[in-house]
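Here is the structure we will look at.
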Amino acid sequence: MAKYKLEYIWLDGYEPVPNLRSKTTIKEFSKAPTLKDLPMWGFDGSSTRQAEGRSSDCLLKPVASYVDPTRENGYLVMCEVLLPDGKPHPTNSRATILDDPDTWFGFEQEYFLYRDGQPLGFPKGGWPNEPQGKFYCGVGYAAVGDIAREIVEEHLDICLEMGINHEGINAEVAKGQWEFQIFGKGSKKAADEIWLARYVLMRVCEKYGVDVEFHCKPLGKDFDWNGSGMHCNFSTKFMREKGGKKYFEKLMAAFDKYKDEHIAVYGPDNHFRLTGLHETQSIDKFSYGVADRGASIRVPHSFVNNEYKGYLEDRRPNSQGDPYKIASRVLQTIKTVPTK
Ligand code: ADP
Ligand code: MN
Ligand code: MN
Ligand code: MN
C-alpha cells in the first residue's frame, strides 16, 4: 500500500468568472489509482458561493484524473460539483455539454503574465517605449524579458508529463502575453484540459510572484494593445466526413441566429475586445470568411479545398471564458442543424 496525494479541483460559484479551487485528500491504494478508484468528496459550498450557510455541503465527483509530476504520488483530479441529492449543481457547466466522443475541440488560450499590477516586462509604472509589433513569437530579452519563458517552459513540461494534449505555445502580440493550444477528441476533453492547464499555470506562477491575468482586455479598451482570446476550433464527425457547402451555409445561419446566446457565454467584457480592430469582428455582428481573421468564424483554406469538410474556428470566445460553457453552446447550436 502507498499513500497518494489527490488534489481535487473544482470551479466555484463566482460570477461572471468562476475561480479554480482545490484541496488535498490522502488515500491509500495498493497500486496507482485510476479514475474509477477515486471516491466522491465534498466541500463547504458557503465559502465558494455555492450554498447557504445552514446547509452548505456540496459534492465533488471526480471526472478526469492526471498524474501530478510535481508531487510524489500526486494526482490532479478534475471534479464536477453536485448537489447533496447527486444532481448537477447549477454552477456545474460541464454537466451541460452533450456527450459526444466524435466531437473534437481545440482551444487557443491567450493570457498575460502580470507582476505588481502590470504585464511582465513593462517598466515600473509606465509603458514600453515602443508599440507592440515585435513581441509576437519574439526572441530576446527586449521582446520577452527574463522570467516569462522560464514560466512558460515549466508549465509546458508539467502539462506534457501529465498527458495534457498541448499542441503548441507562442509569445503573443502584446508584451507579457502568451498562448498555449490544447486539442482533444471527445466533447469534454479539451475543456477539462484547459481548466487543468490554467490551474497548473497559476500554481507554477506562485513561486515567481507572478499572476496570470486572464481578462480579455487587461490594458484597457482605449490603448492600441491586443486583448486575449480563446479561439475555439471545432469539428463533428459529420463536419469532418460529410460536410458540404449546403450544410456549412445552414450551420453558419444557425450561428448567426444564436449569436447573442454565444456571446453570452464567450467570456465577460468581450465588447472591449470584439471591436472590429486587432483581428476581431465587432461584438454585435456575425460573419464568416475564408482565412479571415477579422471574421467571427474563420474558415480555414483546407476546409474549402476539401469540399467544405474539416474544422472551423470561432474567434469570439475570450481568454476568461469557461471552455465548458463554450463547448456546450457550440454543440447546442450545431445540434439545431439537420444533417440530411
Ligand atoms: P491560429 O493561431 O492560426 O488560429 P493555432 O495553431 O494556434 O492556429 O490553433 C489551431 C487549433 O485548431 C489547434 O488548437 C488545433 O488543435 C485545432 N484543430 C485542428 N484540427 C482540428 C479539428 N479537426 N477539429 C477541431 N480542432 C482542430
Ligand atoms: Mn493560435
Ligand atoms: Mn493567438
Ligand atoms: Mn486562432
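We name chains A, B, ... following the order of the C-alpha cells; residues begin at 1 in each chain, and ligands are numbered from 1 as shown.
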Once you count only C-alpha atoms and all ligand atoms, which residues end up within 8 Å of ligand 3, and could you hand them over as a PyMOL selection string? chain A and resi 108-110+170+172-173+178-179+228-231
Using DSSP on the backbone coordinates, identify the residues of range 132-328 of chain A assigned to helix (DSSP H, G or I); present them as number ranges by chain. A: 141-144, 148-162, 189-206, 237-241, 245-257, 259-264, 270-273, 301-305, 323-328
Okay, now the selection with C-alpha atoms, as a short mmCIF file (atom, residue, chain, number, x, y, z; two decimals), in the first residue's frame?
data_model
loop_
_atom_site.label_atom_id
_atom_site.label_comp_id
_atom_site.auth_asym_id
_atom_site.auth_seq_id
_atom_site.Cartn_x
_atom_site.Cartn_y
_atom_site.Cartn_z
CA TYR A 141 15.33 39.96 -23.60
CA ALA A 142 13.86 43.06 -25.25
CA ALA A 143 10.95 41.02 -26.60
CA VAL A 144 10.12 38.57 -23.83
CA ALA A 148 8.46 34.64 -18.75
CA ARG A 149 9.98 31.92 -20.87
CA GLU A 150 11.10 30.02 -17.78
CA ILE A 151 7.49 30.01 -16.53
CA VAL A 152 6.05 29.10 -19.91
CA GLU A 153 8.51 26.21 -20.40
CA GLU A 154 7.97 24.86 -16.89
CA HIS A 155 4.22 24.95 -17.45
CA LEU A 156 4.55 23.16 -20.79
CA ASP A 157 6.75 20.41 -19.35
CA ILE A 158 4.39 19.71 -16.45
CA CYS A 159 1.36 19.60 -18.76
CA LEU A 160 3.08 17.24 -21.21
CA GLU A 161 4.17 14.96 -18.39
CA MET A 162 0.59 14.90 -17.11
CA LYS A 189 -11.73 16.51 -23.16
CA ALA A 190 -10.13 19.75 -24.35
CA ALA A 191 -12.25 21.79 -21.94
CA ASP A 192 -11.15 19.63 -18.98
CA GLU A 193 -7.56 20.06 -20.04
CA ILE A 194 -7.86 23.85 -20.45
CA TRP A 195 -9.09 24.13 -16.86
CA LEU A 196 -6.31 21.85 -15.61
CA ALA A 197 -3.68 23.73 -17.65
CA ARG A 198 -4.96 27.02 -16.20
CA TYR A 199 -4.68 25.51 -12.72
CA VAL A 200 -1.11 24.31 -13.29
CA LEU A 201 -0.06 27.65 -14.80
CA MET A 202 -1.41 29.61 -11.83
CA ARG A 203 0.34 27.23 -9.45
CA VAL A 204 3.66 27.43 -11.30
CA CYS A 205 3.49 31.24 -11.16
CA GLU A 206 3.12 31.35 -7.35
CA LYS A 237 -17.77 13.62 -37.26
CA PHE A 238 -20.31 14.89 -39.80
CA MET A 239 -18.31 18.06 -40.49
CA ARG A 240 -15.13 16.06 -40.99
CA GLU A 241 -16.56 13.24 -43.11
CA LYS A 245 -21.32 23.71 -48.84
CA LYS A 246 -25.08 23.41 -48.19
CA TYR A 247 -24.58 22.07 -44.67
CA PHE A 248 -21.91 24.68 -43.99
CA GLU A 249 -24.24 27.51 -45.00
CA LYS A 250 -27.04 26.15 -42.80
CA LEU A 251 -24.58 25.82 -39.93
CA MET A 252 -23.44 29.42 -40.33
CA ALA A 253 -27.07 30.58 -40.46
CA ALA A 254 -27.62 28.85 -37.12
CA PHE A 255 -24.53 30.51 -35.63
CA ASP A 256 -25.88 33.83 -36.86
CA LYS A 257 -29.34 33.14 -35.38
CA LYS A 259 -25.14 34.88 -31.96
CA ASP A 260 -26.34 36.53 -28.74
CA GLU A 261 -26.55 33.17 -26.95
CA HIS A 262 -22.96 32.50 -28.00
CA ILE A 263 -21.65 35.90 -26.90
CA ALA A 264 -23.41 35.41 -23.54
CA ASN A 270 -15.97 40.93 -24.64
CA HIS A 271 -17.26 44.25 -26.01
CA PHE A 272 -13.87 45.73 -25.04
CA ARG A 273 -12.16 43.17 -27.22
CA HIS A 301 -8.38 27.22 -46.56
CA SER A 302 -8.20 23.46 -46.03
CA PHE A 303 -11.94 23.39 -45.25
CA VAL A 304 -12.96 24.93 -48.58
CA ASN A 305 -10.36 23.00 -50.58
CA PRO A 323 -14.47 26.28 -22.01
CA TYR A 324 -17.27 24.07 -20.65
CA LYS A 325 -19.91 26.71 -21.43
CA ILE A 326 -18.33 27.43 -24.81
CA ALA A 327 -18.22 23.77 -25.87
CA SER A 328 -21.75 23.30 -24.59
#
Name all residues at most 12 Å from Phe43 in chain A (count only C-alpha atoms; drop same-chain ones fewer than 6 positions away) and give them as an MDAnalysis selection string. chainID A and resid 8:12 21:25 49:51 55:61 79:84
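When only C-alpha atoms are used to compute distances to Val77 in chain A, the closest of the residues A:Ile97, A:Ile26, A:Leu6, A:Leu331 turns out to be A:Leu6.
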Need to verify the contact set: Gln177 in chain A, 12 Å, only C-alpha atoms, exclusion of same-chain residues closer than 4 positions in sequence. Can you return it as a PyMOL selection string? chain A and resi 109-114+118-122+132+135-138+143-145+148-149+152+169-173+212-219+225-229+319
I need the chosen residues saved as a PDB file, in the first residue's frame, with C-alpha atoms.
ATOM      1  CA  GLN A 109      -5.698  30.056 -24.625  1.00  0.00           C
ATOM      2  CA  GLU A 110      -4.132  33.521 -24.560  1.00  0.00           C
ATOM      3  CA  TYR A 111      -3.161  35.188 -21.282  1.00  0.00           C
ATOM      4  CA  PHE A 112      -0.897  37.804 -19.747  1.00  0.00           C
ATOM      5  CA  LEU A 113       1.698  37.247 -17.057  1.00  0.00           C
ATOM      6  CA  TYR A 114       1.423  40.053 -14.511  1.00  0.00           C
ATOM      7  CA  GLN A 118       1.486  45.238 -14.818  1.00  0.00           C
ATOM      8  CA  PRO A 119       2.395  42.841 -17.627  1.00  0.00           C
ATOM      9  CA  LEU A 120       5.816  41.254 -17.164  1.00  0.00           C
ATOM     10  CA  GLY A 121       8.396  43.385 -18.921  1.00  0.00           C
ATOM     11  CA  PHE A 122       6.561  46.709 -18.626  1.00  0.00           C
ATOM     12  CA  GLN A 132       3.571  46.239 -29.834  1.00  0.00           C
ATOM     13  CA  PHE A 135       6.824  40.745 -29.398  1.00  0.00           C
ATOM     14  CA  TYR A 136       4.715  38.195 -31.321  1.00  0.00           C
ATOM     15  CA  CYS A 137       6.738  34.968 -31.498  1.00  0.00           C
ATOM     16  CA  GLY A 138       9.698  37.117 -30.494  1.00  0.00           C
ATOM     17  CA  ALA A 143      10.950  41.022 -26.604  1.00  0.00           C
ATOM     18  CA  VAL A 144      10.119  38.573 -23.831  1.00  0.00           C
ATOM     19  CA  GLY A 145      12.091  39.659 -20.750  1.00  0.00           C
ATOM     20  CA  ALA A 148       8.459  34.642 -18.750  1.00  0.00           C
ATOM     21  CA  ARG A 149       9.985  31.923 -20.873  1.00  0.00           C
ATOM     22  CA  VAL A 152       6.052  29.100 -19.915  1.00  0.00           C
ATOM     23  CA  ILE A 169       2.898  27.546 -27.371  1.00  0.00           C
ATOM     24  CA  ASN A 170       3.854  31.018 -28.578  1.00  0.00           C
ATOM     25  CA  ALA A 171       4.662  34.510 -27.384  1.00  0.00           C
ATOM     26  CA  GLU A 172       1.738  36.762 -28.337  1.00  0.00           C
ATOM     27  CA  VAL A 173       1.300  40.239 -29.794  1.00  0.00           C
ATOM     28  CA  VAL A 212      -1.902  35.025 -14.605  1.00  0.00           C
ATOM     29  CA  GLU A 213      -4.211  37.722 -15.975  1.00  0.00           C
ATOM     30  CA  PHE A 214      -6.975  36.055 -17.957  1.00  0.00           C
ATOM     31  CA  HIS A 215      -9.058  39.213 -18.515  1.00  0.00           C
ATOM     32  CA  CYS A 216      -9.668  39.762 -22.226  1.00  0.00           C
ATOM     33  CA  LYS A 217      -8.524  43.381 -22.324  1.00  0.00           C
ATOM     34  CA  PRO A 218      -6.393  43.975 -19.242  1.00  0.00           C
ATOM     35  CA  LEU A 219      -4.655  47.054 -20.651  1.00  0.00           C
ATOM     36  CA  TRP A 225      -2.636  46.832 -27.397  1.00  0.00           C
ATOM     37  CA  ASN A 226      -4.080  43.418 -28.186  1.00  0.00           C
ATOM     38  CA  GLY A 227      -6.547  41.687 -25.934  1.00  0.00           C
ATOM     39  CA  SER A 228      -6.671  37.978 -25.166  1.00  0.00           C
ATOM     40  CA  GLY A 229      -8.920  35.437 -26.812  1.00  0.00           C
ATOM     41  CA  SER A 319      -9.457  34.268 -22.584  1.00  0.00           C
TER      42      SER A 319
END
If the limit is 6 Å from any atom of ligand 1, counting only C-alpha atoms and all ligand atoms, which residues qualify? Return them as a list in words. Trp104, Phe105, Gly106, Phe107, Glu108, Gln181, Ile182, Phe183, Asn233, Phe234, Ser235, Gly310 and Tyr311 of chain A
Print the selection's residues with C-alpha atoms to a file, as an mmCIF file, in the first residue's frame.
data_model
loop_
_atom_site.group_PDB
_atom_site.id
_atom_site.type_symbol
_atom_site.label_atom_id
_atom_site.label_comp_id
_atom_site.auth_asym_id
_atom_site.auth_seq_id
_atom_site.Cartn_x
_atom_site.Cartn_y
_atom_site.Cartn_z
ATOM 1 C CA TRP A 104 -13.211 17.474 -31.333
ATOM 2 C CA PHE A 105 -12.287 20.835 -29.829
ATOM 3 C CA GLY A 106 -9.062 22.799 -29.959
ATOM 4 C CA PHE A 107 -8.771 25.891 -27.734
ATOM 5 C CA GLU A 108 -6.101 28.571 -28.091
ATOM 6 C CA GLN A 181 -3.157 25.424 -27.579
ATOM 7 C CA ILE A 182 -4.883 22.266 -26.404
ATOM 8 C CA PHE A 183 -6.692 19.802 -28.631
ATOM 9 C CA ASN A 233 -11.733 25.280 -33.120
ATOM 10 C CA PHE A 234 -14.381 22.614 -33.511
ATOM 11 C CA SER A 235 -15.439 19.723 -35.686
ATOM 12 C CA GLY A 310 -12.974 19.764 -41.622
ATOM 13 C CA TYR A 311 -12.968 22.164 -38.688
#
Write out as a PyMOL selection string all residues of range 104-301 of chain A that DSSP puts in strand (DSSP E) for this structure's backbone. chain A and resi 104-115+118-119+166-171+177-185+211-213+230-235+288-290+297-299
